[in-house]
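Undergrad: Please find model-v4.txt (compact mmCIF, C-alpha atoms) on the next line:
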```txt
# COMPACT_ATOMS: atom_id res chain seq x y z
CA MET H 135 -18.71 -20.72 67.96
CA VAL H 136 -19.54 -17.39 69.58
CA SER H 137 -16.55 -16.04 71.51
CA GLY H 138 -16.42 -15.04 75.18
CA LYS H 139 -17.46 -11.85 76.90
CA VAL H 140 -17.40 -8.55 75.06
CA GLU H 141 -14.46 -6.28 75.86
CA SER H 142 -14.89 -2.87 77.50
CA THR H 143 -14.99 -1.11 74.13
CA THR H 144 -18.81 -1.33 74.17
CA ARG H 145 -20.43 2.08 73.66
CA ASP H 146 -23.00 3.39 76.16
CA ARG H 147 -25.50 4.61 73.55
CA GLU H 148 -26.45 4.22 69.92
CA PRO H 149 -25.15 6.66 67.23
CA PHE H 150 -26.49 10.21 67.62
CA SER H 151 -27.99 10.21 64.10
CA SER H 152 -30.04 7.13 64.99
CA LEU H 153 -31.22 8.76 68.21
CA LEU H 154 -32.43 11.80 66.24
CA LEU H 155 -34.35 9.59 63.80
CA TYR H 156 -35.86 7.63 66.69
CA ARG H 157 -37.08 10.80 68.38
CA LEU H 158 -38.46 12.21 65.13
CA LEU H 159 -40.47 9.05 64.38
CA LYS H 160 -41.47 8.58 68.01
CA TRP H 161 -43.15 11.96 68.36
CA THR H 162 -44.53 12.36 64.82
CA VAL H 163 -45.69 8.81 64.03
CA VAL H 164 -45.33 6.14 66.72
CA SER H 165 -46.57 8.05 69.76
CA PRO H 166 -49.75 9.41 68.10
CA LEU H 167 -50.60 5.93 66.79
CA ALA H 168 -49.75 4.16 70.03
CA HIS H 169 -51.73 6.46 72.31
CA GLY H 170 -54.39 7.70 69.89
CA TYR H 171 -55.20 4.65 67.78
CA PHE H 172 -54.11 1.76 70.04
CA ARG H 173 -54.88 3.55 73.34
CA ALA H 174 -51.58 2.28 74.72
CA ARG H 175 -50.92 2.24 78.45
CA ILE H 176 -47.31 1.98 79.58
CA HIS H 177 -46.36 0.88 83.08
CA GLY H 178 -42.86 0.73 84.57
CA SER H 179 -41.05 3.21 82.33
CA GLU H 180 -39.07 4.30 85.40
CA ASN H 181 -37.36 0.88 85.32
CA VAL H 182 -35.55 1.54 82.02
CA PRO H 183 -31.78 2.17 82.18
CA MET H 184 -31.23 5.04 79.75
CA SER H 185 -27.60 4.20 79.01
CA GLY H 186 -25.32 1.19 79.06
CA PRO H 187 -25.65 -2.29 77.51
CA LEU H 188 -29.26 -3.49 77.56
CA ILE H 189 -31.25 -6.43 76.21
CA VAL H 190 -35.01 -5.91 76.01
CA VAL H 191 -36.85 -9.25 76.16
CA SER H 192 -40.52 -9.61 75.33
CA ASN H 193 -43.34 -11.79 74.10
CA HIS H 194 -44.30 -11.33 70.43
CA ALA H 195 -47.64 -11.37 68.61
CA SER H 196 -47.60 -8.64 65.95
CA ASP H 197 -45.42 -6.83 63.43
CA CYS H 198 -46.30 -3.71 65.41
CA ASP H 199 -44.44 -4.99 68.48
CA PRO H 200 -40.95 -3.59 67.66
CA PRO H 201 -41.99 0.08 67.34
CA ILE H 202 -44.36 -0.22 70.32
CA VAL H 203 -41.59 -1.68 72.49
CA ALA H 204 -39.06 0.95 71.38
CA HIS H 205 -41.60 3.71 72.06
CA ALA H 206 -42.39 2.37 75.54
CA ILE H 207 -38.71 1.96 76.44
CA GLY H 208 -37.91 5.58 75.59
CA ARG H 209 -34.62 4.77 73.87
CA PRO H 210 -33.91 3.17 70.48
CA VAL H 211 -34.11 -0.62 70.44
CA ALA H 212 -32.47 -2.64 67.65
CA PHE H 213 -34.31 -5.71 66.39
CA MET H 214 -33.10 -8.29 63.91
CA ALA H 215 -34.60 -8.30 60.42
CA LYS H 216 -34.44 -10.57 57.39
CA GLU H 217 -31.31 -10.05 55.32
CA GLU H 218 -33.43 -9.58 52.17
CA LEU H 219 -34.78 -6.27 53.51
CA PHE H 220 -31.27 -4.83 53.45
CA LYS H 221 -31.09 -5.31 49.68
CA VAL H 222 -33.95 -2.85 49.03
CA PRO H 223 -32.21 0.41 48.01
CA LEU H 224 -34.31 2.99 49.87
CA LEU H 225 -35.42 0.78 52.74
CA ALA H 226 -31.99 -0.57 53.70
CA PRO H 227 -30.33 2.67 54.92
CA ALA H 228 -33.51 3.74 56.74
CA ILE H 229 -33.99 0.55 58.75
CA ARG H 230 -30.25 0.30 59.44
CA LEU H 231 -30.25 3.87 60.81
CA TYR H 232 -33.29 2.96 62.93
CA GLY H 233 -31.38 0.04 64.43
CA ALA H 234 -32.40 -3.05 62.50
CA TYR H 235 -29.60 -5.52 61.88
CA PRO H 236 -29.55 -8.31 59.26
CA VAL H 237 -29.55 -12.01 60.04
CA LYS H 238 -28.91 -14.56 57.31
CA ARG H 239 -31.37 -17.35 56.78
CA GLY H 240 -29.85 -20.69 57.65
CA THR H 241 -27.31 -19.37 60.15
CA GLY H 242 -29.59 -20.39 63.03
CA ASP H 243 -29.38 -19.12 66.58
CA ARG H 244 -25.60 -18.73 66.42
CA GLY H 245 -25.75 -16.11 63.68
CA ALA H 246 -28.51 -14.20 65.46
CA ILE H 247 -26.57 -14.21 68.74
CA ARG H 248 -23.41 -12.95 67.06
CA ALA H 249 -25.36 -10.15 65.32
CA ALA H 250 -27.02 -9.12 68.59
CA ILE H 251 -23.66 -8.98 70.39
CA GLU H 252 -22.24 -6.71 67.69
CA THR H 253 -25.30 -4.47 67.99
CA ILE H 254 -24.81 -4.11 71.74
CA GLU H 255 -21.12 -3.33 71.20
CA ASP H 256 -22.24 -0.46 68.95
CA GLY H 257 -24.22 1.06 71.82
CA TRP H 258 -27.73 -0.13 70.98
CA ALA H 259 -30.28 -1.69 73.28
CA ALA H 260 -30.98 -5.04 71.58
CA GLY H 261 -34.53 -6.37 71.39
CA VAL H 262 -35.09 -10.11 71.63
CA PHE H 263 -38.45 -11.88 71.37
CA LEU H 264 -38.16 -14.79 73.77
CA ASP H 265 -40.00 -17.38 71.67
CA GLY H 266 -38.08 -16.35 68.55
CA THR H 267 -41.31 -16.03 66.55
CA ARG H 268 -44.79 -14.50 66.66
CA ARG H 269 -47.49 -16.30 68.66
CA PRO H 270 -51.16 -15.74 67.70
CA ASP H 271 -52.20 -15.56 71.36
CA GLY H 272 -49.27 -13.33 72.37
CA ARG H 273 -48.19 -15.67 75.16
CA LEU H 274 -44.82 -17.28 75.79
CA HIS H 275 -44.79 -20.93 74.72
CA SER H 276 -41.20 -22.15 74.55
CA PRO H 277 -38.79 -19.34 75.52
CA LYS H 278 -35.24 -19.82 74.31
CA LEU H 279 -32.06 -19.14 76.26
CA GLY H 280 -30.51 -16.92 73.56
CA ALA H 281 -31.18 -13.63 75.36
CA ALA H 282 -29.58 -14.92 78.58
CA LEU H 283 -26.58 -16.17 76.60
CA ILE H 284 -26.14 -12.75 74.96
CA ALA H 285 -26.39 -11.15 78.41
CA ALA H 286 -23.72 -13.49 79.77
CA LYS H 287 -21.33 -12.65 76.93
CA THR H 288 -21.92 -8.88 76.98
CA GLN H 289 -22.78 -8.45 80.68
CA ALA H 290 -25.79 -6.41 79.56
CA LEU H 291 -28.82 -6.02 81.81
CA LEU H 292 -31.98 -7.86 80.78
CA LEU H 293 -35.16 -5.75 80.77
CA PRO H 294 -38.39 -7.83 80.76
CA VAL H 295 -41.31 -6.34 78.83
CA SER H 296 -44.80 -7.80 78.64
CA LEU H 297 -47.13 -6.85 75.76
CA TRP H 298 -50.88 -7.31 76.06
CA GLY H 299 -53.36 -6.63 73.26
CA THR H 300 -51.05 -6.57 70.24
CA GLU H 301 -52.30 -10.04 69.29
CA ARG H 302 -55.62 -8.39 68.36
CA ILE H 303 -54.16 -5.75 66.02
CA PHE H 304 -54.20 -8.04 62.96
CA ALA H 305 -56.55 -10.72 64.34
CA ASP H 306 -59.31 -10.38 61.74
CA SER H 307 -57.83 -8.11 59.10
CA LYS H 308 -54.67 -7.24 57.20
CA PHE H 309 -55.33 -3.65 58.20
CA PRO H 310 -54.29 -2.81 61.80
CA GLN H 311 -57.29 -2.69 64.13
CA SER H 312 -57.72 -0.20 66.97
CA ALA H 313 -57.07 -2.62 69.82
CA PRO H 314 -56.15 -1.38 73.32
CA VAL H 315 -52.52 -2.20 74.13
CA THR H 316 -50.81 -2.47 77.50
CA VAL H 317 -47.05 -2.50 77.99
CA ARG H 318 -45.57 -3.52 81.34
CA ILE H 319 -41.85 -3.01 81.95
CA GLY H 320 -40.27 -5.00 84.76
CA GLN H 321 -37.20 -4.44 86.89
CA PRO H 322 -33.84 -4.97 85.14
CA ILE H 323 -32.31 -8.40 85.73
CA ALA H 324 -28.56 -8.75 86.25
CA PRO H 325 -26.81 -10.85 83.59
CA PRO H 326 -25.65 -14.38 84.47
CA ALA H 327 -22.04 -14.67 85.57
CA SER H 328 -21.37 -17.45 83.06
CA SER H 329 -22.85 -19.00 79.93
CA ASP H 330 -23.42 -22.29 81.76
CA ARG H 331 -26.87 -23.62 80.84
CA THR H 332 -27.98 -23.79 84.48
CA ALA H 333 -27.09 -20.13 85.04
CA LEU H 334 -28.95 -19.15 81.86
CA ALA H 335 -32.02 -21.11 82.94
CA LYS H 336 -32.14 -19.24 86.27
CA ILE H 337 -32.27 -15.95 84.39
CA TRP H 338 -35.12 -17.26 82.24
CA VAL H 339 -37.08 -18.24 85.36
CA ALA H 340 -36.59 -14.76 86.87
CA ASN H 341 -37.81 -13.15 83.64
CA ARG H 342 -40.81 -15.49 83.40
CA LEU H 343 -41.88 -14.68 86.95
CA GLN H 344 -41.81 -10.93 86.19
CA ALA H 345 -43.83 -11.40 83.01
CA GLU H 346 -46.69 -13.21 84.76
```
Could you write out this structure as structure tokens?

TA:
Amino acid sequence: MVSGKVESTTRDREPFSSLLLYRLLKWTVVSPLAHGYFRARIHGSENVPMSGPLIVVSNHASDCDPPIVAHAIGRPVAFMAKEELFKVPLLAPAIRLYGAYPVKRGTGDRGAIRAAIETIEDGWAAGVFLDGTRRPDGRLHSPKLGAALIAAKTQALLLPVSLWGTERIFADSKFPQSAPVTVRIGQPIAPPASSDRTALAKIWVANRLQAE
């Protein structure tokens, strides 16, 4: 069982070395691809808290979503990744430095929630895809309450992000297509005061209304 709220030892930002890597990749790789190849338009960047505990919640359609979200947010965002990736010698330290955190297969939502809480304690903004999986049409189908539960336990703000167009990036090819992408960032949502299911559901409704 996941324990109660996180103590005040939570850091305000991610490690400095990770911030440097984020900025290096952002301006040399991600930004040119996002704005040059995918013609990305970003709305609402002024809504992003640049420090403090944060959970970025979004729809999910493509493997390109994590770097696009992190680029749009303007601060590193840590996403969960399969544990197997952390056993690859050269890949493991790189993705860990960039913020990815491992989740074991078979541990279910509880293991993912615990890993996300630890990531927030370390100063990262944690990224959570609301449906928990990719959707071919990019829309929300059955959002889970995990992000709201993490917010309740860490008292981190929830930042709603809506992605449009990423579902077309790999629609007809294994090679990424030049599809126009739009990112809309909503107003931060205060965390629920408790982990009661009713309180969590209210947060989900608020996020859903902003995403539409």

Undergrad: Just give me the gap between CA of Arg273 (chain H) and CA of Ala327 (chain H) in Å, one decimal is fine.

TA: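 For CA of Arg273 (chain H) relative to CA of Ala327 (chain H), the distance reads 28.2 Å.
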
Undergrad: Excluding Leu297 (chain H) and any residue of its chain fewer than 2 positions from it, enumerate the residues within 12 Å of it, using all atoms listed in the file, and give them as a ChimeraX atom specification.

TA: /H:174-177,191-196,198-200,202-203,206,263,269,271-274,294-295,299-302,314-320,345-346

Undergrad: Residues at most 10 Å from region 224-232 of chain H, counting only C-alpha atoms, excluding those fewer than 4 positions away in the same chain, as a PDB file with C-alpha atoms, keeping the file's coordinate frame?

TA:
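Listed below is the output, result-v7.pdb:
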```
ATOM      1  CA  GLU H 148     -26.450   4.220  69.920  1.00  0.00           C
ATOM      2  CA  PRO H 149     -25.150   6.660  67.230  1.00  0.00           C
ATOM      3  CA  SER H 151     -27.990  10.210  64.100  1.00  0.00           C
ATOM      4  CA  SER H 152     -30.040   7.130  64.990  1.00  0.00           C
ATOM      5  CA  LEU H 153     -31.220   8.760  68.210  1.00  0.00           C
ATOM      6  CA  LEU H 154     -32.430  11.800  66.240  1.00  0.00           C
ATOM      7  CA  LEU H 155     -34.350   9.590  63.800  1.00  0.00           C
ATOM      8  CA  TYR H 156     -35.860   7.630  66.690  1.00  0.00           C
ATOM      9  CA  LEU H 159     -40.470   9.050  64.380  1.00  0.00           C
ATOM     10  CA  PRO H 210     -33.910   3.170  70.480  1.00  0.00           C
ATOM     11  CA  VAL H 211     -34.110  -0.620  70.440  1.00  0.00           C
ATOM     12  CA  ALA H 212     -32.470  -2.640  67.650  1.00  0.00           C
ATOM     13  CA  PHE H 213     -34.310  -5.710  66.390  1.00  0.00           C
ATOM     14  CA  ALA H 215     -34.600  -8.300  60.420  1.00  0.00           C
ATOM     15  CA  GLU H 217     -31.310 -10.050  55.320  1.00  0.00           C
ATOM     16  CA  GLU H 218     -33.430  -9.580  52.170  1.00  0.00           C
ATOM     17  CA  LEU H 219     -34.780  -6.270  53.510  1.00  0.00           C
ATOM     18  CA  PHE H 220     -31.270  -4.830  53.450  1.00  0.00           C
ATOM     19  CA  PRO H 236     -29.550  -8.310  59.260  1.00  0.00           C
TER      20      PRO H 236
END
```

Undergrad: Which of these residues is nearest to Gln289 (chain H), using only C-alpha atoms: H:Ala246, H:Ala204, H:Val262, H:Ile323?

TA: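 Of H:Ala246, H:Ala204, H:Val262, H:Ile323, the one nearest Gln289 (chain H) is H:Ile323, counting only C-alpha atoms.
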
Undergrad: Nearest to Ala168 (chain H) among H:Ser329, H:Gln321, H:Thr267, H:Gln311, with distances taken over all atoms listed in the file: which residue is it?

TA: H:Gln311

Undergrad: Figure out the distance between CA of Ile254 (chain H) and CA of Ala285 (chain H), please, to one decimal in Å.

TA: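 For CA of Ala285 (chain H) relative to CA of Ile254 (chain H), the distance reads 9.8 Å.
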
Undergrad: Find the distance between CA of Pro201 (chain H) and CA of His169 (chain H) and write it in Å to one decimal.

TA: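 CA of Pro201 (chain H) sits 12.7 Å away from CA of His169 (chain H).
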